[in-house]
Amino acid sequence: MIFNALSQAKALPLSGKVGLALVLFWLAVALFGPMLAPYPVGAFVAYDVFDGQSAAHWLGSDYLGRDVLSRLLSGARYTVGLAAAAAMLASATGTALALTAAVGGAKVDEPLSRFMDMLISIPSKIFSLVLVAAFGSSLPLLLLIAAITYVPGNYRIARALAVNLAQMDYVQVARARGEGRFHIAIAEVLPNMIHPLLADFGLRFVFIVLLLSGLSFLGLGVQPPDADLGSLVRENISGLGEGALAIIAPAVAIATLTVGVNLLIDGLPGRGKRA
Amino acid sequence: MTDAIHVEVKDLCVTARNAKGETFPIVSGINFALKRGEVLALIGESGSGKTTIALTLLGHARPGATIAGGSIRVGDAEITKLDRPALAQLRGNRIAYIAQSAASAFNPSRTIMDQVIEPAMIHGLMPRATAEAKAVDLFRALALPFPDTIGSRYPHQLSGGQLQRLMAAMALITDPELVILDEPTTALDVTTQIEVLRAFKAVVLERGATAIYVSHDLAVVAQMADQIVVLNQGRIREAGKAEQILHRPADDYTRTLMAAARPAIRPTPAKADLPAAPLLEIRGMTAGYGKIGKDGRPRIPVLRAINLTIERGATLGVIGESGSGKSTIARVIAGLLPPASGQVLLDGEPLPPGLQGRSREQFRRIQLVFQNADTALNPAHSVGEILQRPLAFYHGLKGNAARMRVAELLDLIRLPVALIDRPIGGLSGGQKQRINLARALAADPQLILCDEVTSALDTVVGAAILDLMAELRRELGIATMFISHDISTVRAICDDILVLYAGTMVETGPRAAFQSSPFHPYTDLLIGSVPEMRAGWLEESHAGAAPTPIGATGDHPDLCRFLPRCAARVEGLCNTTPPPRHPLAKAEGITSRILCHHGDESLIAS
């Protein structure tokens with residue numbers, strides 16, 4: 001198993017290896033970051049706001065004089081964990097529904113597709129506001145909001161792929177063999193759409209990071225003094241004019257994370273070969 | 001015409017780079033020379049490098065390939081030494097290219113005229129009005145319908161054969177000195193091919209252009225070429241005058257190609273121990289697409305009143321042009337398309353019309369083999385997975401037992417057992433088609449529906465598949481429905497033959513009935529359109545000649561559907577009265593049943 005993964009990692013193109021390294025780095029930060037943080041998350045430790053680099057504060061201080069490195073190390077966990085979980089939930093749900101629609105015929109496809117159209121027409125921020133107002137902000141709720149918001153998009157892409165694949169001769173052969181719908185969906189259609197779906201997953205992941213940052217900015221996301229990477233950028237936005245490290249560091253963090261995820265996915269072996 | 005060499009290729013070598021980054025030659029050591037106005041044919045299987053060589057004459061190498069050495073001279077231009085702007089000046093101007101698939105070579109959003117005169121416009125050779133007048137002349141010379149107005153149509157409004165001729169018009173608008181034809185008739189029906197070949201011969205060759213004709217079909221080439229170059233794996237196997245290659249081939253490989261082009265008649269195997277009851281029977285079946293109307297016909301009818309029986313262990317050939325409904329018969333039998341009316345009986349028991357309600361046992365007994373193995377095999381699965389699925393599904397075989405059976409199947413289709421873990425993408429076209437066949441065999445079926453199984457393959461590979469099928473039939477006693485557009489293949493392997501035209505059965509009978517005339521006029525056209533491997537056949541053949549003019553056609557739905565193209569139609573009879581189905585006597589007590597007004601005597605006379 002481990003050997004297999006290693007040999008596959010070796011087979012990746014250079015860009016894929018860079019992506020893999022970035023993703024592994026951020027996973028490590030998410031897992032061990034809080035233990036490595038030099039200061040507590042909410043502690044005011046610097047004398048000046050938007051401080052530059054120093055021996056005491058490697059990434060300077062933020063708009064309230066807190067240690068940026070500590071906040072970054074603690075915040076990565078929210079972004080990586082929450083966004084990855086929500087993206088996975090959204091992709092899995094969307095793809096499962098898309099496969100159901102593709103093999104179920106018009107009677108299943110039509111209601112399901114129209115329901116998704118309805119869902120896609122709800123503005124995601126307003127939808128989140130209503131839900132947060134009703135239930136109060138909590139991590140499971142944020143996860144659910146992000147997932148529901150991105151299910152329809154994934155469904156659309158997956159359905160387009162699946163409907164095309166369901167017309168292929170090998171699916172016709174399977175139908176003429178008397179195979180059930182479940183087998184057709186899982187064994188004949190799904191393996192051929194994995195790669196584009198992974199690319200889609202990469203995109204969703206980035207969007208979810210942005211959505212969560214937006215919610216945090218409105219005070220509806222991760223609650224202070226904790227902060228995810230997105231809210232670190234938002235709360236330090238006033239430092240942008242002076243080029244403070246407090247805003248550059250979390251921005252770079254988001255960039256490396258999302259670029260890493262997409263590089264890794266693009267580097268995975270293409271259609272016909274299994275990842 | 002001058003005696004000077006017009007096109008000369010010397011020591012041509014084209015290299016490509018493989019996945020590991022190593023450079024290797026795809027074609028090498030290519031030499032030939034052509035006088036002005038001569039036609040050279042490049043013959044070979046797919047992968048032999050024939051298109052690669054043809055493209056180098058345009059100074060083009062496909063992505064990943066480079067022209068590594070040698071010289072290519074066209075007139076006074078040395079193609080290998082020209083830079084990009086100079087090549088652009090040459091292409092579509094002095095050297096023209098006619099591609100295999102005209103349907104995908106035309107831009108669907110622009111009119112035909114715009115595209116046909118485009119080469120002349122790009123090179124600024126003549127004013128637009130002159131170019132359009134010239135195009136109309138070419139349309140007329142190419143025997144296109146409505147030459148004056150056809151230019152204002154769009155590509156989707158025209159048939160494949162018409163587009164192929166329009167592509168020739170596009171190539172010839174600039175009066176090129178060299179025309180390259182890359183398999184221009186391969187994608188066409190035989191009956192269309194003969195029309196296109198006639199048009200090409202009349203226009204391309206008689207304008208004195210030098211031509212390079214790329215094809216895998218020796219019989220087609222025999223009609224066109226002065227010289228033939230036989231290629232195999234990027235090297236010249238044999239080169240010489242057309243007449244010598246066709247009649248006195250010196251090389252073994254050329255002989256193999258010749259043999260494969262003419263399928264040997266395979267004897268009917270003895271079927272003594274099988275009961276005489278028919279295995280599959282179709283009674284009065286009508287099928288089509290769209291909603292079924294009040295009169296019991298679907299909105300777009302495809303098949304009308306089909307009646308057929310297949311005996312145990314017998315082979316039924318179904319033949320017709322594209323769009324005749326051949327594949328639809330197979331789809332109805334397999335249950336993928338429920339018929340609008342009529343019954344399909346398996347072993348005397350009616351089958352449920354659609355997929356619903358069929359038992360697993362019924363599914364097992366009928367297996368479908370699709371034409372294109374590239375799309376019929378799931379690229380995400382390995383050979384073993386594909387063959388194990390029917391074993392597990394129908395026979396409950398798992399684990400080691402299934403693996404053993406897969407090994408047996410691979411042995412049966414003459415593939416090495418080592419392929420078992422190979423993904424489908426790693427197989428050649430012929431190997432894929434064998435796996436496609438083996439998957440049907442894994443179910444242990446009684447009837448295999450083969451939909452054009454050899455059409456996408458090279459002749460040599462296709463012949464091997466046909467041999468394999470004949471052998472399997474002898475060993476396993478499986479009945480086959482063999483769907484094809486190629487009458488010589490069907491005549492070679494089938495016991496009974498059904499000729500389909502626009503969804504109606506026009507002639508049915510035993511194989512022997514298709515060896516000697518008289519035939520139904522459509523069968524006659526089909527047989528007469530198959531090119532023979534000798535020069536001059538195209539001029540002698542009467543197939544595809546314009547039929548005699550006829551008065552207005554009545555609107556009875558059961559009128560002869562072949563009427564508009566029929567060479568033997570009778571004014572006042574064929575266009576007013578539906579034709580009867582009646583027996584047609586052939587030699588020595590062999591009869592076939594035809595759907596036509598004509599009887600034995602009148603058909604011989606025509």
# chains A, B, ... in the order shown; residues from 1 in each chain; ligands from 1

$ interface_residues --of "chain A" --to "chain B" --cutoff "12 Å" --atoms "only C-alpha atoms" --output "PyMOL selection string"
chain A and resi 165-181+183-184+186-195+270-275

$ residues_around --residues "Ala120 in chain B" --least-positions-apart "6" --cutoff "9 Å" --atoms "only C-alpha atoms" --output "ChimeraX atom specification"
/B:92-93,126-128,131,170,173-174

$ residues_around --residues "range 117-133 of chain A" --least-positions-apart "4" --cutoff "8 Å" --atoms "only C-alpha atoms" --output "PDB file with C-alpha atoms, in the first residue's frame"
ATOM      1  CA  SER A 113     -32.184  18.471 -12.301  1.00  0.00           C
ATOM      2  CA  SER A 137     -22.661  29.629  13.909  1.00  0.00           C
ATOM      3  CA  LEU A 141     -23.329  24.107  10.243  1.00  0.00           C
ATOM      4  CA  ILE A 145     -23.721  25.290   4.269  1.00  0.00           C
ATOM      5  CA  THR A 149     -23.943  25.532  -1.789  1.00  0.00           C
ATOM      6  CA  PRO A 152     -25.567  21.803  -7.590  1.00  0.00           C
ATOM      7  CA  GLY A 153     -22.442  22.916  -9.440  1.00  0.00           C
ATOM      8  CA  LEU A 211     -16.925  31.249   0.852  1.00  0.00           C
ATOM      9  CA  LEU A 215     -18.552  34.272   6.042  1.00  0.00           C
ATOM     10  CA  LEU A 220     -20.627  34.369  10.641  1.00  0.00           C
TER      11      LEU A 220
END

$ select_by_dssp --residues "range 149-185 of chain A" --states "helix (DSSP H, G or I)" --output "count of residues only"
30

$ residues_around --residues "range 311-320 of chain B" --least-positions-apart "4" --cutoff "9 Å" --atoms "only C-alpha atoms" --output "number ranges by chain"
B: 268-269, 271, 274-281, 324-326, 446-447, 473-474, 476-487, 490-491, 493-502, 511, 526

$ write_last_selection --atoms "C-alpha atoms" --output "PDB file, in the first residue's frame"
ATOM      1  CA  THR B 268     -20.872 -24.281 -43.897  1.00  0.00           C
ATOM      2  CA  PRO B 269     -19.959 -26.519 -40.980  1.00  0.00           C
ATOM      3  CA  LYS B 271     -24.677 -29.107 -37.830  1.00  0.00           C
ATOM      4  CA  LEU B 274     -28.614 -29.717 -33.412  1.00  0.00           C
ATOM      5  CA  PRO B 275     -32.443 -29.831 -33.398  1.00  0.00           C
ATOM      6  CA  ALA B 276     -34.106 -28.345 -36.444  1.00  0.00           C
ATOM      7  CA  ALA B 277     -36.336 -25.877 -34.589  1.00  0.00           C
ATOM      8  CA  PRO B 278     -35.419 -22.277 -35.338  1.00  0.00           C
ATOM      9  CA  LEU B 279     -33.473 -20.546 -32.573  1.00  0.00           C
ATOM     10  CA  LEU B 280     -34.670 -17.028 -33.219  1.00  0.00           C
ATOM     11  CA  GLU B 281     -37.698 -15.880 -35.102  1.00  0.00           C
ATOM     12  CA  SER B 324     -30.790   1.034 -43.710  1.00  0.00           C
ATOM     13  CA  GLY B 325     -31.653  -0.118 -40.180  1.00  0.00           C
ATOM     14  CA  LYS B 326     -29.186  -3.026 -39.942  1.00  0.00           C
ATOM     15  CA  GLN B 446     -26.644 -19.416 -28.338  1.00  0.00           C
ATOM     16  CA  LEU B 447     -26.811 -16.373 -30.574  1.00  0.00           C
ATOM     17  CA  ARG B 473     -18.837 -21.504 -34.902  1.00  0.00           C
ATOM     18  CA  ARG B 474     -17.528 -24.929 -35.917  1.00  0.00           C
ATOM     19  CA  LEU B 476     -19.156 -24.174 -30.303  1.00  0.00           C
ATOM     20  CA  GLY B 477     -22.191 -24.318 -32.605  1.00  0.00           C
ATOM     21  CA  ILE B 478     -23.204 -20.728 -31.881  1.00  0.00           C
ATOM     22  CA  ALA B 479     -25.685 -19.068 -34.215  1.00  0.00           C
ATOM     23  CA  THR B 480     -24.617 -15.678 -35.540  1.00  0.00           C
ATOM     24  CA  MET B 481     -26.333 -12.686 -37.003  1.00  0.00           C
ATOM     25  CA  PHE B 482     -23.670 -10.965 -39.037  1.00  0.00           C
ATOM     26  CA  ILE B 483     -24.423  -7.349 -39.869  1.00  0.00           C
ATOM     27  CA  SER B 484     -22.252  -5.774 -42.535  1.00  0.00           C
ATOM     28  CA  HIS B 485     -22.213  -3.322 -45.385  1.00  0.00           C
ATOM     29  CA  ASP B 486     -19.706  -5.437 -47.287  1.00  0.00           C
ATOM     30  CA  ILE B 487     -21.415  -7.982 -49.496  1.00  0.00           C
ATOM     31  CA  VAL B 490     -21.297 -11.617 -46.023  1.00  0.00           C
ATOM     32  CA  ARG B 491     -21.241 -13.922 -49.032  1.00  0.00           C
ATOM     33  CA  ILE B 493     -19.273 -16.516 -44.280  1.00  0.00           C
ATOM     34  CA  CYS B 494     -23.076 -16.562 -44.058  1.00  0.00           C
ATOM     35  CA  ASP B 495     -25.584 -19.363 -44.712  1.00  0.00           C
ATOM     36  CA  ASP B 496     -28.508 -17.053 -45.342  1.00  0.00           C
ATOM     37  CA  ILE B 497     -28.507 -13.453 -46.425  1.00  0.00           C
ATOM     38  CA  LEU B 498     -31.009 -10.651 -45.901  1.00  0.00           C
ATOM     39  CA  VAL B 499     -30.699  -7.466 -47.926  1.00  0.00           C
ATOM     40  CA  LEU B 500     -32.129  -4.427 -46.223  1.00  0.00           C
ATOM     41  CA  TYR B 501     -32.960  -1.171 -47.954  1.00  0.00           C
ATOM     42  CA  ALA B 502     -34.355   1.761 -45.942  1.00  0.00           C
ATOM     43  CA  ARG B 511     -26.063 -17.823 -49.785  1.00  0.00           C
ATOM     44  CA  LEU B 526     -24.724  -3.509 -54.228  1.00  0.00           C
TER      45      LEU B 526
END

$ select_by_dssp --residues "range 167-386 of chain B" --states "strand (DSSP E)" --output "PyMOL selection string"
chain B and resi 178-182+210-215+227-232+235-241+278-292+298-311+315-319+341-346+349-350+366-369

$ closest_residue --among "B:Ala54, B:Glu321, B:Asp11, B:Val196" --to "Phe32 in chain B" --atoms "only C-alpha atoms"
B:Asp11

$ residues_around --residues "Ser15 in chain A" --least-positions-apart "3" --cutoff "8 Å" --atoms "only C-alpha atoms" --output "ChimeraX atom specification"
/A:12,18-19,263-264,267

$ write_last_selection --atoms "N, CA and C atoms" --output "compact mmCIF listing (two decimals), in the first residue's frame"
# COMPACT_ATOMS: atom_id res chain seq x y z
N LEU A 12 4.70 10.88 -10.79
CA LEU A 12 4.06 12.18 -11.07
C LEU A 12 5.01 13.09 -11.83
N VAL A 18 5.45 18.97 -6.99
CA VAL A 18 5.38 20.23 -6.24
C VAL A 18 4.03 20.32 -5.54
N GLY A 19 2.96 20.00 -6.28
CA GLY A 19 1.62 20.04 -5.70
C GLY A 19 1.51 19.12 -4.51
N LEU A 263 -2.42 21.60 -8.61
CA LEU A 263 -1.27 21.00 -9.30
C LEU A 263 -1.28 19.49 -9.11
N LEU A 264 -1.55 19.06 -7.89
CA LEU A 264 -1.56 17.63 -7.59
C LEU A 264 -2.62 16.92 -8.43
N GLY A 267 -1.78 16.63 -12.00
CA GLY A 267 -0.67 15.72 -12.25
C GLY A 267 -1.07 14.26 -12.18

$ atom_distance --atom1 "CA of Val163 in chain A" --atom2 "CA of Ala101 in chain A"
8.2 Å

$ atom_distance --atom1 "CA of Thr95 in chain A" --atom2 "CA of Ile265 in chain A"
17.4 Å

$ residues_around --residues "Ala585 in chain B" --least-positions-apart "4" --cutoff "10 Å" --atoms "only C-alpha atoms" --output "PyMOL selection string"
chain B and resi 513+517-519+589-593+599-601
